[in-house]
Structure formats: structure tokens, C-alpha cells
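K.L.:
File my_file29.tsv below, TSV, C-alpha atoms:
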chain	number	residue	atom	x	y	z
A	736	MET	CA	7.84	-10.06	-24.03
A	737	ALA	CA	10.51	-12.58	-23.00
A	738	GLU	CA	11.36	-13.31	-26.68
A	739	THR	CA	13.60	-10.22	-26.70
A	740	LYS	CA	16.86	-9.61	-24.85
A	741	TYR	CA	15.24	-7.40	-22.18
A	742	GLY	CA	11.61	-8.46	-22.51
A	743	ASP	CA	11.67	-10.23	-19.14
A	744	LEU	CA	12.36	-6.85	-17.51
A	745	VAL	CA	9.10	-5.32	-18.79
A	746	LYS	CA	6.01	-6.48	-16.89
A	747	LYS	CA	2.38	-5.74	-17.47
A	748	LEU	CA	0.65	-4.81	-14.19
A	749	PRO	CA	-2.02	-7.48	-13.64
A	750	PHE	CA	-4.83	-5.62	-11.87
A	751	ARG	CA	-7.32	-7.87	-10.12
A	752	GLU	CA	-10.34	-7.46	-7.87
A	753	GLY	CA	-9.40	-6.46	-4.33
A	754	MET	CA	-11.04	-7.23	-0.99
A	755	GLY	CA	-13.37	-4.25	-1.33
A	756	GLY	CA	-14.98	-2.39	1.52
A	757	ALA	CA	-12.45	0.11	2.87
A	758	ASN	CA	-9.64	-1.99	1.36
A	759	ALA	CA	-8.67	-1.83	-2.33
A	760	ARG	CA	-11.39	-2.40	-4.90
A	761	GLU	CA	-8.69	-3.27	-7.48
A	762	LEU	CA	-5.00	-4.00	-6.95
A	763	VAL	CA	-1.73	-5.33	-8.30
A	764	PHE	CA	0.49	-7.50	-6.07
A	765	ILE	CA	3.98	-8.35	-7.40
A	766	GLY	CA	7.01	-9.93	-5.74
A	767	GLY	CA	10.68	-10.03	-6.65
A	768	ASP	CA	10.34	-13.42	-8.34
A	769	GLU	CA	8.34	-11.60	-11.04
A	770	LEU	CA	10.75	-8.64	-11.10
A	771	ALA	CA	14.09	-10.10	-12.19
A	772	GLY	CA	14.73	-11.47	-8.68
A	773	PHE	CA	14.84	-7.98	-7.10
A	774	GLU	CA	14.64	-7.68	-3.31
A	775	PHE	CA	11.44	-5.74	-3.79
A	776	ASN	CA	7.68	-6.34	-3.65
A	777	PHE	CA	4.83	-3.95	-4.20
A	778	ILE	CA	1.10	-3.56	-4.05
A	779	VAL	CA	-0.75	-0.74	-5.77
A	780	GLY	CA	-4.49	-0.30	-5.37
A	781	VAL	CA	-7.50	1.91	-5.97
A	782	TYR	CA	-9.50	2.79	-2.84
A	783	ASP	CA	-12.93	4.45	-2.65
A	784	GLN	CA	-14.67	3.50	0.63
A	785	THR	CA	-14.44	4.62	4.26
A	786	GLY	CA	-13.59	2.35	7.18
A	787	ASP	CA	-10.82	0.13	8.56
A	788	TRP	CA	-8.78	-1.60	5.86
A	789	ALA	CA	-8.49	-4.81	7.96
A	790	PRO	CA	-11.26	-4.73	10.58
A	791	GLY	CA	-10.33	-6.31	13.90
A	792	MET	CA	-6.85	-7.37	12.77
A	793	GLY	CA	-4.81	-4.75	14.65
A	794	ALA	CA	-1.16	-4.04	13.82
A	795	HIS	CA	1.39	-6.04	11.87
A	796	THR	CA	5.13	-5.93	11.10
A	797	HIS	CA	7.37	-6.89	8.17
A	798	PRO	CA	10.91	-8.35	8.12
A	799	PHE	CA	11.80	-5.65	5.55
A	800	ASP	CA	11.58	-1.87	5.26
A	801	GLU	CA	8.32	-0.68	3.72
A	802	LEU	CA	7.17	2.57	2.18
A	803	LEU	CA	3.48	3.46	1.87
A	804	LEU	CA	2.61	6.10	-0.76
A	805	PHE	CA	-0.86	7.67	-0.71
A	806	PHE	CA	-1.75	9.68	-3.82
A	807	GLY	CA	-4.73	11.26	-5.56
A	808	TYR	CA	-5.90	11.09	-9.15
A	809	ASP	CA	-6.65	14.78	-9.77
A	810	ASP	CA	-4.52	15.80	-12.77
A	811	LYS	CA	-5.30	19.47	-12.13
A	812	ASP	CA	-4.13	19.37	-8.48
A	813	PRO	CA	-1.41	16.81	-7.67
A	814	GLY	CA	-1.52	17.99	-4.03
A	815	TYR	CA	-5.09	16.68	-3.65
A	816	LEU	CA	-5.51	13.22	-2.10
A	817	GLY	CA	-9.31	13.01	-2.19
A	818	ALA	CA	-9.59	11.33	1.21
A	819	GLU	CA	-8.65	11.57	4.88
A	820	LEU	CA	-6.88	8.63	6.50
A	821	THR	CA	-5.47	7.73	9.89
A	822	ILE	CA	-2.61	5.27	10.40
A	823	GLU	CA	-1.34	3.95	13.73
A	824	ILE	CA	2.42	3.40	14.05
A	825	GLY	CA	4.57	1.79	16.75
A	826	GLN	CA	3.89	-0.15	19.93
A	827	GLU	CA	2.26	3.04	21.27
A	828	HIS	CA	-0.29	3.09	18.42
A	829	GLU	CA	0.68	6.69	17.64
A	830	LYS	CA	-2.00	8.10	15.31
A	831	HIS	CA	-1.25	10.17	12.23
A	832	THR	CA	-4.09	11.70	10.21
A	833	PHE	CA	-3.60	13.24	6.77
A	834	ASP	CA	-5.62	14.44	3.78
A	835	VAL	CA	-2.86	15.27	1.27
A	836	PRO	CA	-0.57	12.94	-0.71
A	837	THR	CA	1.68	11.35	1.91
A	838	ALA	CA	4.60	8.93	2.22
A	839	VAL	CA	4.94	6.78	5.35
A	840	ALA	CA	8.36	5.15	5.90
A	841	LEU	CA	8.24	2.02	8.05
A	842	PRO	CA	11.59	0.50	9.09
A	843	LYS	CA	11.50	-3.31	9.32
A	844	GLY	CA	9.83	-4.55	12.49
A	845	THR	CA	7.82	-1.33	13.04
A	846	PRO	CA	4.22	-2.17	14.00
A	847	HIS	CA	1.66	-0.37	11.87
A	848	TYR	CA	-2.10	-0.54	11.28
A	849	PRO	CA	-4.88	-0.14	11.50
A	850	ILE	CA	-5.26	2.21	8.58
A	851	VAL	CA	-8.69	3.78	8.62
A	852	CYS	CA	-10.19	5.87	5.85
A	853	ASN	CA	-12.23	8.54	7.61
A	854	ARG	CA	-13.57	10.31	4.52
A	855	VAL	CA	-13.53	9.79	0.75
A	856	ASP	CA	-14.32	12.63	-1.62
A	857	LYS	CA	-12.76	10.97	-4.66
A	858	PRO	CA	-11.04	7.59	-5.25
A	859	TYR	CA	-7.37	7.60	-4.24
A	860	GLY	CA	-4.40	5.31	-4.75
A	861	VAL	CA	-1.93	3.61	-2.45
A	862	MET	CA	1.34	1.94	-3.34
A	863	LYS	CA	3.11	-0.23	-0.77
A	864	VAL	CA	6.77	-0.91	-1.56
A	865	GLY	CA	8.61	-3.54	0.47
A	866	LEU	CA	12.38	-4.13	0.33
A	867	GLY	CA	12.07	-7.91	0.33
A	868	ALA	CA	11.59	-10.25	-2.63
A	869	ARG	CA	8.58	-11.88	-0.98
A	870	TYR	CA	5.75	-10.22	0.93
A	871	GLN	CA	5.69	-11.35	4.57
A	872	SER	CA	3.88	-9.99	7.60
A	873	SER	CA	3.20	-10.98	11.18
A	874	TRP	CA	0.23	-9.75	13.19
A	875	VAL	CA	1.07	-8.13	16.53
A	876	GLU	CA	-0.88	-8.92	19.70
Would it be possible to restate this file's structure as C-alpha cells?

P.N.:
Amino acid sequence: MAETKYGDLVKKLPFREGMGGANARELVFIGGDELAGFEFNFIVGVYDQTGDWAPGMGAHTHPFDELLLFFGYDDKDPGYLGAELTIEIGQEHEKHTFDVPTAVALPKGTPHYPIVCNRVDKPYGVMKVGLGARYQSSWVE
């Protein structure tokens, strides 16, 4: 689409195979270098299995603010997530469990993970939006 004046601003989402298991079965991963140099990166994926998204890895942080959006695919009930998940946040590993569409705001440097899917009734989606042009993370001891 770059042959037009604004074609470089319109991007096809390149879905690819994910890690599987409790993690995404399919996902898109795009950084700011592909989005007109924006200070923004995102991952969107389809999830359909129970378990820990990153077994044994513990928590991680980012040098940018991040927003996690959990959503369902039921067009008749947008308030239906289709799963139950638990996320741990902070040095204290504070647990939050939810089974409805949910947004989790993570200021830069806030430890988070594991994310564990406790139950899946129907595939659900997750979008991770980071306010940095390039995805970066550091695992926390």
C-alpha cells in the first residue's frame, strides 16, 4: 500500500502461529518501526488452553507502560470473556482473578506474571499494548 500518499500508515495484521499450550495459538506482534515510528508496540493473540502462559518463568517488567486487554468473541454478549484467568502483579505477587473482559494497566517497571488461565469455555483474545517503539522485557528474580 506504500504506493499511495498514506499507504504506509495502513498495515495488514500478519497473524502467525503462537507458542501454543496456554499461550497464544495465533498472534500478531508489531513494533513502532512498522507503525510510522510510533512509540507503541502491540501483541494480539487468540488463546484457548488452560495453564501458565510462561511456565517457570516468573514475573517480568518493561521499561514502558503497558496495557493488557482481555476480551471475548461472543457477538451476542460483549461482557462474556469465555475464560477465567489469574494475573500476579507487583513485588508482592498480588493475585487478581477475573472471568469478564478486563483491562490491566501496568506502569513501567511494575512486575507482572505469571498469567494463568484457570478455565476456558470458549477461545478468548488478549491485546498487549506497550508505550515503547520496541518490545523489551526483563525477568525478575

K.L.:
Let me make sure I understand: among A:Thr837, A:Gln871, A:Thr739, A:Gln826, which one has the smallest atom-to-atom distance to A:Leu802 if we use only C-alpha atoms?

P.N.:
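With only C-alpha atoms as the atom set, the closest residue is A:Thr837.
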
K.L.:
Rank nothing, just name the residue among A:Pro798, A:Gly791, A:Gly753, A:Gly780 nearest to A:Arg869, using all atoms listed in the file.

P.N.:
A:Pro798

K.L.:
Separation of atom CA of A:Glu876 and atom CA of A:Asn758, in Å?

P.N.:
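Atom-to-atom, atom CA of A:Glu876 and atom CA of A:Asn758 are spaced 21.5 Å apart.
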
K.L.:
Leaving out A:Leu770 and any residue of its chain fewer than 3 positions from it, which residues lie within 10 Å of it when counting all atoms listed in the file, given as a list of chain:residue names?

P.N.:
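Surrounding residues, per the criterion: A:Asp743, A:Leu744, A:Val745, A:Lys746, A:Ile765, A:Gly766, A:Gly767, A:Phe773, A:Glu774, A:Phe775, A:Asn776, A:Ala868.
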
K.L.:
Could those residues be written to a file, using C-alpha atoms, as a PDB file, keeping the file's coordinate frame?

P.N.:
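Resulting contents of again-v4.pdb:
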ATOM      1  CA  ASP A 743      11.670 -10.230 -19.140  1.00  0.00           C
ATOM      2  CA  LEU A 744      12.360  -6.850 -17.510  1.00  0.00           C
ATOM      3  CA  VAL A 745       9.100  -5.320 -18.790  1.00  0.00           C
ATOM      4  CA  LYS A 746       6.010  -6.480 -16.890  1.00  0.00           C
ATOM      5  CA  ILE A 765       3.980  -8.350  -7.400  1.00  0.00           C
ATOM      6  CA  GLY A 766       7.010  -9.930  -5.740  1.00  0.00           C
ATOM      7  CA  GLY A 767      10.680 -10.030  -6.650  1.00  0.00           C
ATOM      8  CA  PHE A 773      14.840  -7.980  -7.100  1.00  0.00           C
ATOM      9  CA  GLU A 774      14.640  -7.680  -3.310  1.00  0.00           C
ATOM     10  CA  PHE A 775      11.440  -5.740  -3.790  1.00  0.00           C
ATOM     11  CA  ASN A 776       7.680  -6.340  -3.650  1.00  0.00           C
ATOM     12  CA  ALA A 868      11.590 -10.250  -2.630  1.00  0.00           C
TER      13      ALA A 868
END

K.L.:
Excluding same-chain residues fewer than 6 positions from A:His828, what lies within 12 Å of it counting all atoms listed in the file, as a list of chain:residue names?

P.N.:
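Contacts, with the query itself left out: A:Gly793, A:Ala794, A:His795, A:Thr821, A:Ile822, A:Thr845, A:Pro846, A:His847, A:Tyr848, A:Pro849, A:Ile850, A:Val875.
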
K.L.:
Of the residues A:Leu866, A:Ala818, A:Cys852, A:Ala838, which is the one nearest to A:Glu801, using all atoms listed in the file?

P.N.:
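The closest residue to A:Glu801 is A:Leu866.
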
K.L.:
Determine, counting only C-alpha atoms, which protein, DNA and RNA residues have an atom within 7 Å of an atom of A:Ile778; residues of the same chain fewer than 2 positions away are not included. Present the result as an mmCIF file with C-alpha atoms, keeping the file's coordinate frame.

P.N.:
data_model
loop_
_atom_site.group_PDB
_atom_site.id
_atom_site.type_symbol
_atom_site.label_atom_id
_atom_site.label_comp_id
_atom_site.auth_asym_id
_atom_site.auth_seq_id
_atom_site.Cartn_x
_atom_site.Cartn_y
_atom_site.Cartn_z
ATOM 1 C CA LEU A 762 -5.000 -4.000 -6.950
ATOM 2 C CA VAL A 763 -1.730 -5.330 -8.300
ATOM 3 C CA PHE A 764 0.490 -7.500 -6.070
ATOM 4 C CA ILE A 765 3.980 -8.350 -7.400
ATOM 5 C CA GLY A 780 -4.490 -0.300 -5.370
ATOM 6 C CA MET A 862 1.340 1.940 -3.340
ATOM 7 C CA LYS A 863 3.110 -0.230 -0.770
ATOM 8 C CA VAL A 864 6.770 -0.910 -1.560
#

K.L.:
Between A:Gly786, A:Pro842, A:Gly772, A:Pro858, which one has atoms that come closest to A:Tyr808, using all atoms listed in the file?

P.N.:
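Closest candidate: A:Pro858.
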
K.L.:
Quick one: everything within 9 Å of A:Gly756, counting only C-alpha atoms, minus sequence neighbours fewer than 2 positions away in the same chain. Send it as a PyMOL selection string.

P.N.:
chain A and resi 754+758-760+782-788

K.L.:
Provide the atom CA of A:Tyr815 to atom CA of A:Lys830 distance in Å, to one decimal place.

P.N.:
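These atoms are spaced 21.0 Å apart.
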
K.L.:
So, counting only C-alpha atoms, which residue among A:Asp800, A:Asp856, A:Glu752, A:Glu827 is closest to A:Val779?

P.N.:
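Closest residue, counting only C-alpha atoms: A:Glu752.
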
K.L.:
Hey, can you check how far atom CA of A:Gly817 sits from atom CA of A:Met792?

P.N.:
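Separation between atom CA of A:Gly817 and atom CA of A:Met792: 25.4 Å.
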
K.L.:
Using only C-alpha atoms for the distances, tell me which of A:Val851, A:Tyr859, A:Asp812, A:Lys843 is nearest to A:His831.

P.N.:
A:Val851

K.L.:
Would you list the contacts of A:Glu819 as a PyMOL selection string, taking every protein, DNA or RNA residue within 9 Å and counting all atoms listed in the file, but skipping same-chain residues closer than 3 positions in sequence?

P.N.:
chain A and resi 816+832-835+851-856

K.L.:
Write out the residues from the selection above, keeping C-alpha atoms, as a PDB file, in the coordinates of the input.

P.N.:
ATOM      1  CA  LEU A 816      -5.510  13.220  -2.100  1.00  0.00           C
ATOM      2  CA  THR A 832      -4.090  11.700  10.210  1.00  0.00           C
ATOM      3  CA  PHE A 833      -3.600  13.240   6.770  1.00  0.00           C
ATOM      4  CA  ASP A 834      -5.620  14.440   3.780  1.00  0.00           C
ATOM      5  CA  VAL A 835      -2.860  15.270   1.270  1.00  0.00           C
ATOM      6  CA  VAL A 851      -8.690   3.780   8.620  1.00  0.00           C
ATOM      7  CA  CYS A 852     -10.190   5.870   5.850  1.00  0.00           C
ATOM      8  CA  ASN A 853     -12.230   8.540   7.610  1.00  0.00           C
ATOM      9  CA  ARG A 854     -13.570  10.310   4.520  1.00  0.00           C
ATOM     10  CA  VAL A 855     -13.530   9.790   0.750  1.00  0.00           C
ATOM     11  CA  ASP A 856     -14.320  12.630  -1.620  1.00  0.00           C
TER      12      ASP A 856
END

K.L.:
Around all the atoms of stretch 773-790 of chain A listed in the file, with 3 Å of room on each side, what axis-aligned box do you get, giving centre and edge lengths in Å to one decimal, as JSON?

P.N.:
{"center_x": 0.1, "center_y": -1.7, "center_z": 1.7, "size_x": 35.5, "size_y": 18.6, "size_z": 23.7}
